[in-house]
Amino acid sequence: MNAYDHDALARLIAALPAPPESWVRAAQELPAARRGVDDIVARAEADAAYRARVVADLESALADVGVRPTQPLLDELDERLRSK
């Protein structure tokens with residue numbers, strides 16, 4: 001991309017409306033949520049008793065690692081635990 005393309009792109013981006021606050025908040029929470037899901041899955045793979053507790057109550061498992069249990073995260077955690 002040349003300088004003109006960068007300038008044109010910058011102007012186009014600047015003309016966009018601000019994203020909704022909920023999108024900004026979700027983007028800020030996503031890295032921690034992914035780490036939380038990864039941690040739960042890793043621990044569940046190593047500990048059968050923990051895995052049984054997590055499968056029985058996905059919401060509590062996420063809350064225990066400080067992650068707000070949203071439906072997409074619950075679905076991802078459920079899928080990852082069932083695929084192992």
# chains A, B, ... in the order shown; residues from 1 in each chain; ligands from 1

call {"tool": "select_by_dssp", "arguments": {"residues": "segment 38-83 of chain A", "states": "helix (DSSP H, G or I)", "output": "MDAnalysis selection string"}}
result
chainID A and resid 38:46 48:56 58:64 71:82

call {"tool": "residues_around", "arguments": {"residues": "Ala44 of chain A", "least_positions_apart": "3", "cutoff": "12 Å", "atoms": "only C-alpha atoms", "output": "ChimeraX atom specification"}}
result
/A:37-41,47-55,58,61,77-78,80-82,84

call {"tool": "write_last_selection", "arguments": {"atoms": "N, CA and C atoms", "output": "PDB file, in the first residue's frame"}}
result
ATOM      1  N   VAL A  37     -11.414 -20.156  29.486  1.00  0.00           N
ATOM      2  CA  VAL A  37     -11.900 -21.397  28.865  1.00  0.00           C
ATOM      3  C   VAL A  37     -10.734 -22.358  28.664  1.00  0.00           C
ATOM      4  N   ASP A  38      -9.607 -21.847  28.163  1.00  0.00           N
ATOM      5  CA  ASP A  38      -8.429 -22.706  27.963  1.00  0.00           C
ATOM      6  C   ASP A  38      -7.975 -23.339  29.271  1.00  0.00           C
ATOM      7  N   ASP A  39      -7.967 -22.554  30.349  1.00  0.00           N
ATOM      8  CA  ASP A  39      -7.544 -23.062  31.657  1.00  0.00           C
ATOM      9  C   ASP A  39      -8.492 -24.150  32.159  1.00  0.00           C
ATOM     10  N   ILE A  40      -9.789 -23.915  32.002  1.00  0.00           N
ATOM     11  CA  ILE A  40     -10.771 -24.907  32.442  1.00  0.00           C
ATOM     12  C   ILE A  40     -10.596 -26.207  31.666  1.00  0.00           C
ATOM     13  N   VAL A  41     -10.447 -26.103  30.348  1.00  0.00           N
ATOM     14  CA  VAL A  41     -10.303 -27.307  29.525  1.00  0.00           C
ATOM     15  C   VAL A  41      -9.025 -28.060  29.889  1.00  0.00           C
ATOM     16  N   ASP A  47      -7.880 -33.756  35.238  1.00  0.00           N
ATOM     17  CA  ASP A  47      -8.544 -34.129  36.485  1.00  0.00           C
ATOM     18  C   ASP A  47      -9.993 -34.533  36.194  1.00  0.00           C
ATOM     19  N   ALA A  48     -10.262 -35.837  36.246  1.00  0.00           N
ATOM     20  CA  ALA A  48     -11.587 -36.360  35.899  1.00  0.00           C
ATOM     21  C   ALA A  48     -12.678 -35.847  36.836  1.00  0.00           C
ATOM     22  N   ALA A  49     -12.378 -35.724  38.113  1.00  0.00           N
ATOM     23  CA  ALA A  49     -13.379 -35.237  39.068  1.00  0.00           C
ATOM     24  C   ALA A  49     -13.737 -33.782  38.771  1.00  0.00           C
ATOM     25  N   TYR A  50     -12.717 -32.978  38.473  1.00  0.00           N
ATOM     26  CA  TYR A  50     -12.970 -31.572  38.102  1.00  0.00           C
ATOM     27  C   TYR A  50     -13.805 -31.515  36.823  1.00  0.00           C
ATOM     28  N   ARG A  51     -13.455 -32.344  35.857  1.00  0.00           N
ATOM     29  CA  ARG A  51     -14.188 -32.374  34.592  1.00  0.00           C
ATOM     30  C   ARG A  51     -15.670 -32.675  34.829  1.00  0.00           C
ATOM     31  N   ALA A  52     -15.963 -33.633  35.675  1.00  0.00           N
ATOM     32  CA  ALA A  52     -17.353 -33.973  35.966  1.00  0.00           C
ATOM     33  C   ALA A  52     -18.089 -32.784  36.583  1.00  0.00           C
ATOM     34  N   ARG A  53     -17.424 -32.059  37.491  1.00  0.00           N
ATOM     35  CA  ARG A  53     -18.043 -30.873  38.102  1.00  0.00           C
ATOM     36  C   ARG A  53     -18.286 -29.790  37.057  1.00  0.00           C
ATOM     37  N   VAL A  54     -17.322 -29.596  36.173  1.00  0.00           N
ATOM     38  CA  VAL A  54     -17.458 -28.563  35.139  1.00  0.00           C
ATOM     39  C   VAL A  54     -18.602 -28.906  34.192  1.00  0.00           C
ATOM     40  N   VAL A  55     -18.639 -30.138  33.730  1.00  0.00           N
ATOM     41  CA  VAL A  55     -19.695 -30.548  32.795  1.00  0.00           C
ATOM     42  C   VAL A  55     -21.066 -30.394  33.448  1.00  0.00           C
ATOM     43  N   LEU A  58     -21.415 -25.639  33.944  1.00  0.00           N
ATOM     44  CA  LEU A  58     -20.498 -24.816  33.141  1.00  0.00           C
ATOM     45  C   LEU A  58     -20.458 -23.366  33.629  1.00  0.00           C
ATOM     46  N   ALA A  61     -18.225 -22.948  36.601  1.00  0.00           N
ATOM     47  CA  ALA A  61     -16.818 -23.124  36.231  1.00  0.00           C
ATOM     48  C   ALA A  61     -16.258 -21.838  35.647  1.00  0.00           C
ATOM     49  N   LEU A  77     -17.240 -23.797  25.672  1.00  0.00           N
ATOM     50  CA  LEU A  77     -16.723 -24.679  26.709  1.00  0.00           C
ATOM     51  C   LEU A  77     -17.357 -26.057  26.606  1.00  0.00           C
ATOM     52  N   ASP A  78     -18.662 -26.106  26.424  1.00  0.00           N
ATOM     53  CA  ASP A  78     -19.362 -27.378  26.282  1.00  0.00           C
ATOM     54  C   ASP A  78     -18.834 -28.170  25.090  1.00  0.00           C
ATOM     55  N   ARG A  80     -15.899 -27.889  23.573  1.00  0.00           N
ATOM     56  CA  ARG A  80     -14.508 -28.318  23.777  1.00  0.00           C
ATOM     57  C   ARG A  80     -14.415 -29.479  24.755  1.00  0.00           C
ATOM     58  N   LEU A  81     -15.237 -29.489  25.770  1.00  0.00           N
ATOM     59  CA  LEU A  81     -15.205 -30.582  26.732  1.00  0.00           C
ATOM     60  C   LEU A  81     -15.778 -31.873  26.146  1.00  0.00           C
ATOM     61  N   ARG A  82     -16.786 -31.749  25.317  1.00  0.00           N
ATOM     62  CA  ARG A  82     -17.404 -32.936  24.728  1.00  0.00           C
ATOM     63  C   ARG A  82     -16.569 -33.520  23.592  1.00  0.00           C
ATOM     64  N   LYS A  84     -13.349 -33.834  23.586  1.00  0.00           N
ATOM     65  CA  LYS A  84     -12.110 -34.447  24.117  1.00  0.00           C
ATOM     66  C   LYS A  84     -12.385 -35.839  24.608  1.00  0.00           C
TER      67      LYS A  84
END

call {"tool": "atom_distance", "arguments": {"atom1": "atom CA of Ala46 of chain A", "atom2": "atom CA of Ser83 of chain A"}}
result
14.9 Å

call {"tool": "atom_distance", "arguments": {"atom1": "atom CA of Pro17 of chain A", "atom2": "atom CA of Leu30 of chain A"}}
result
22.1 Å

call {"tool": "atom_distance", "arguments": {"atom1": "atom CA of Leu12 of chain A", "atom2": "atom CA of Ala27 of chain A"}}
result
21.7 Å
